[in-house]
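What follows is a single structure, written as structure tokens, with notes after it.
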Amino acid sequence: MQLILGSSSPSRKKVLNQLNLMFTCISPDIDETQLEYESVQDYVKRLSEEKARAVLKKTPINTEAIIIACDQVAHCKGKIYGKPENKERATIFLNQLSGQSVEYICSITLLNTKTLNVVSDYSRTHVVFKQLSSDFINKYVKQESILECASGLQIESMGPLLLENFQTDDPTSIFGLPVLLLDHLMTKHQLNLIDFCL
């Protein structure tokens, strides 16, 4: 049994590498447009499931694997913040989120390519942004590779400097791949993450 990460995200690859797991990557390439009247939770769950199924279509026949697919968005005052298209958009996002309480929702889906069983769930992280000056935001956006991060918050490097605090039920959720949830969902496939270690 193999592990396939359905993502090209450097942050998600780093999380799995830190766990010393053997895995390959396949990028899902799906339309991430939110449907009308779709809740934030339903939106991220649908996207992670669609990503898993898109990766399944790209996986060689007879491959026995667990596909891991994720999606993460930020949510504040009824507005969803996904990945910024460019640094100008990231600057707008961060100016809007300055001083705000923001919820990051990260959905994860595991798809077994042999049985086609799918399990999904999501994790929440509550973040409070500092009051950020335009000068600070411009310097941050200029120095950071933020276009793959929900709302432009790259937590694994300078991102913590933007925050007052954050609270979460899974400390890795903010990185876009909640390990506690991943481990829990693995057990629903009668598997253990440690069995995939190098």
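By convention in this document, the chains of the structure tokens carry letters A, B, ... by their order, each chain's residues are numbered from 1, and ligands are numbered from 1 in the order they are shown.
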DSSP alpha helix (DSSP H) residues within stretch 22-190 of chain A, listed as a ChimeraX atom specification: /A:40-58,87-97,134-143,179-188
Contacts of stretch 48-50 of chain A within 7 Å, only C-alpha atoms, excl. fewer than 3 positions in-chain, as a short mmCIF file (atom, residue, chain, number, x, y, z; two decimals) with N, CA and C atoms, in the first residue's frame:
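Wrote around35.cif, looks like this:
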data_model
loop_
_atom_site.label_atom_id
_atom_site.label_comp_id
_atom_site.auth_asym_id
_atom_site.auth_seq_id
_atom_site.Cartn_x
_atom_site.Cartn_y
_atom_site.Cartn_z
N VAL A 44 -15.03 23.34 1.63
CA VAL A 44 -13.71 22.75 1.75
C VAL A 44 -13.78 21.22 1.70
N LYS A 45 -14.85 20.65 2.26
CA LYS A 45 -15.01 19.19 2.22
C LYS A 45 -15.21 18.72 0.78
N ARG A 53 -10.60 12.49 -5.91
CA ARG A 53 -11.11 11.77 -7.07
C ARG A 53 -10.35 12.15 -8.36
N ALA A 54 -9.93 13.42 -8.44
CA ALA A 54 -9.14 13.85 -9.59
C ALA A 54 -7.78 13.14 -9.61
N ALA A 69 -5.92 14.09 0.22
CA ALA A 69 -6.22 15.37 -0.43
C ALA A 69 -6.76 16.34 0.61
N CYS A 70 -6.38 17.59 0.49
CA CYS A 70 -6.75 18.61 1.48
C CYS A 70 -7.21 19.89 0.80
N ASP A 71 -7.96 20.66 1.57
CA ASP A 71 -8.26 22.02 1.15
C ASP A 71 -8.39 22.90 2.38
N SER A 107 -9.95 20.88 5.43
CA SER A 107 -10.59 19.59 5.21
C SER A 107 -9.56 18.61 4.67
N ILE A 108 -9.71 17.35 5.07
CA ILE A 108 -8.84 16.30 4.57
C ILE A 108 -9.69 15.10 4.15
N THR A 109 -9.35 14.53 3.02
CA THR A 109 -10.05 13.35 2.49
C THR A 109 -9.02 12.26 2.23
#
I'd like to know which of A:Leu3, A:Cys197, A:Val73, A:Leu163 is closest to A:Gln41, using only C-alpha atoms.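 Checking each candidate against A:Gln41, we get A:Val73 as the closest.
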Nearby residues (only C-alpha atoms) at most 10 Å from A:Tyr140, same-chain spacing under 2 positions excluded, as a list of chain:residue names: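 With the cut-off at 10 Å, the set is A:Thr91, A:Leu94, A:Ser134, A:Asp135, A:Phe136, A:Ile137, A:Asn138, A:Lys142, A:Gln143, A:Glu144, A:Ser145, A:Ile146, A:Gly152, A:Leu153, A:Gln154, A:Met158, A:Gly159, A:Leu161, A:Leu162.
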For atom CA of A:Leu177 and atom CA of A:Gly78, the interatomic separation in Å (one decimal): 23.5 Å
Can you pull out every residue within 12 Å of A:Lys13, counting only C-alpha atoms, but drop anything in the same chain fewer than 2 positions away, and send it as a list in words?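 Answer for this query is Leu3, Ile4, Leu5, Gly6, Ser7, Ser8, Ser9, Pro10, Ser11, Val15, Leu16, Asn17, Gln18, Leu19, Asn20, Leu21, Met22, Phe23, Thr24, Cys25, Ile26, Ser27, Ile68, Ala69, Cys70, Phe175, Gly176 and Leu177 of chain A.
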Next, the residues of the selection above should be written as a CSV table (one decimal), in the first residue's frame with C-alpha atoms.
chain,number,residue,atom,x,y,z
A,3,LEU,CA,0.6,7.0,0.1
A,4,ILE,CA,-0.2,9.6,-2.6
A,5,LEU,CA,-0.4,13.2,-1.6
A,6,GLY,CA,-2.9,14.9,-3.9
A,7,SER,CA,-1.2,18.3,-3.7
A,8,SER,CA,1.7,20.3,-5.0
A,9,SER,CA,1.8,22.4,-1.8
A,10,PRO,CA,5.4,22.7,-0.3
A,11,SER,CA,3.8,23.1,3.1
A,15,VAL,CA,4.5,18.0,7.0
A,16,LEU,CA,4.6,14.5,5.6
A,17,ASN,CA,8.4,14.6,5.3
A,18,GLN,CA,8.7,15.6,8.9
A,19,LEU,CA,6.7,12.5,9.8
A,20,ASN,CA,9.3,10.5,7.8
A,21,LEU,CA,6.6,9.1,5.5
A,22,MET,CA,7.1,7.5,2.1
A,23,PHE,CA,4.8,9.2,-0.4
A,24,THR,CA,4.5,10.4,-4.0
A,25,CYS,CA,2.7,13.6,-5.2
A,26,ILE,CA,0.1,14.0,-7.9
A,27,SER,CA,-1.4,17.5,-8.4
A,68,ILE,CA,-4.5,12.2,0.8
A,69,ALA,CA,-6.2,15.4,-0.4
A,70,CYS,CA,-6.8,18.6,1.5
A,175,PHE,CA,-0.1,24.2,7.8
A,176,GLY,CA,-2.8,22.8,5.6
A,177,LEU,CA,-2.5,19.2,6.6
Return the single residue from A:Arg124, A:Arg12, A:Lys83, A:Lys57 that is closest to A:Ala150, with distances computed using only C-alpha atoms.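 Between A:Arg124, A:Arg12, A:Lys83, A:Lys57, the residue approaching A:Ala150 most closely is A:Lys83.
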Select from stretch 39-148 of chain A every residue with an atom at most 8 Å from any atom of stretch 164-167 of chain A, then for each give the shortest pair of atoms and their distance in Å to one decimal, using only C-alpha atoms, rows by chain and rising number, as a tab-separated table.
residue	atom	partner	partner_atom	distance
A:Thr125	CA	A:Gln167	CA	5.7
A:His126	CA	A:Gln167	CA	5.1
A:Val127	CA	A:Phe166	CA	4.2
A:Val128	CA	A:Glu164	CA	5.4
A:Phe129	CA	A:Glu164	CA	5.5
A:Lys130	CA	A:Glu164	CA	5.3
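For stretch 115-159 of chain A, the set of residues given strand (DSSP E) by DSSP on the backbone reads Val118, Val119, Ser120, Asp121, Tyr122, Ser123, Arg124, Thr125, His126, Val127, Val128 and Phe129 of chain A.
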What's the 12 Å shell around A:Asn192, counting only C-alpha atoms, without same-chain residues fewer than 6 positions away, as a PyMOL selection string? chain A and resi 1+3+21+66+180+182-186
Restricting the calculation to only C-alpha atoms, which member of A:Cys106, A:Leu198, A:Val55, A:Leu116 is positioned closest to A:Asp170? A:Cys106
Just how far from atom CA of A:Asn112 is atom CA of A:Ile67, in Å to one decimal?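 Those two atoms sit 6.5 Å apart.
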List the spatial neighbours of A:Asn117 as number ranges by chain - criterion: any atom at most 10 Å away, only C-alpha atoms, same-chain residues fewer than 4 positions off excluded. A: 66, 110-113, 188-189
Quick one: residues within 10 Å of A:Gly82, only C-alpha atoms counted, chain neighbours fewer than 4 positions away excluded, as number ranges by chain? A: 32, 71-75, 90, 93, 104, 147-152
Which one of A:Tyr122, A:Tyr37, A:Tyr43, A:Tyr81 sits closest to A:Thr168 if you count only C-alpha atoms? A:Tyr122
Between atom CA of A:Lys77 and atom CA of A:Glu38, distance in Å (one decimal):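 Atom-to-atom, atom CA of A:Lys77 to atom CA of A:Glu38, that is 15.5 Å.
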Can you work out which one of A:Gln131, A:Gln2, A:Glu103, A:Lys114 has the shortest atom-to-atom distance to A:Ile61, counting only C-alpha atoms?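 Using only C-alpha atoms, A:Ile61 sits closest to A:Lys114.
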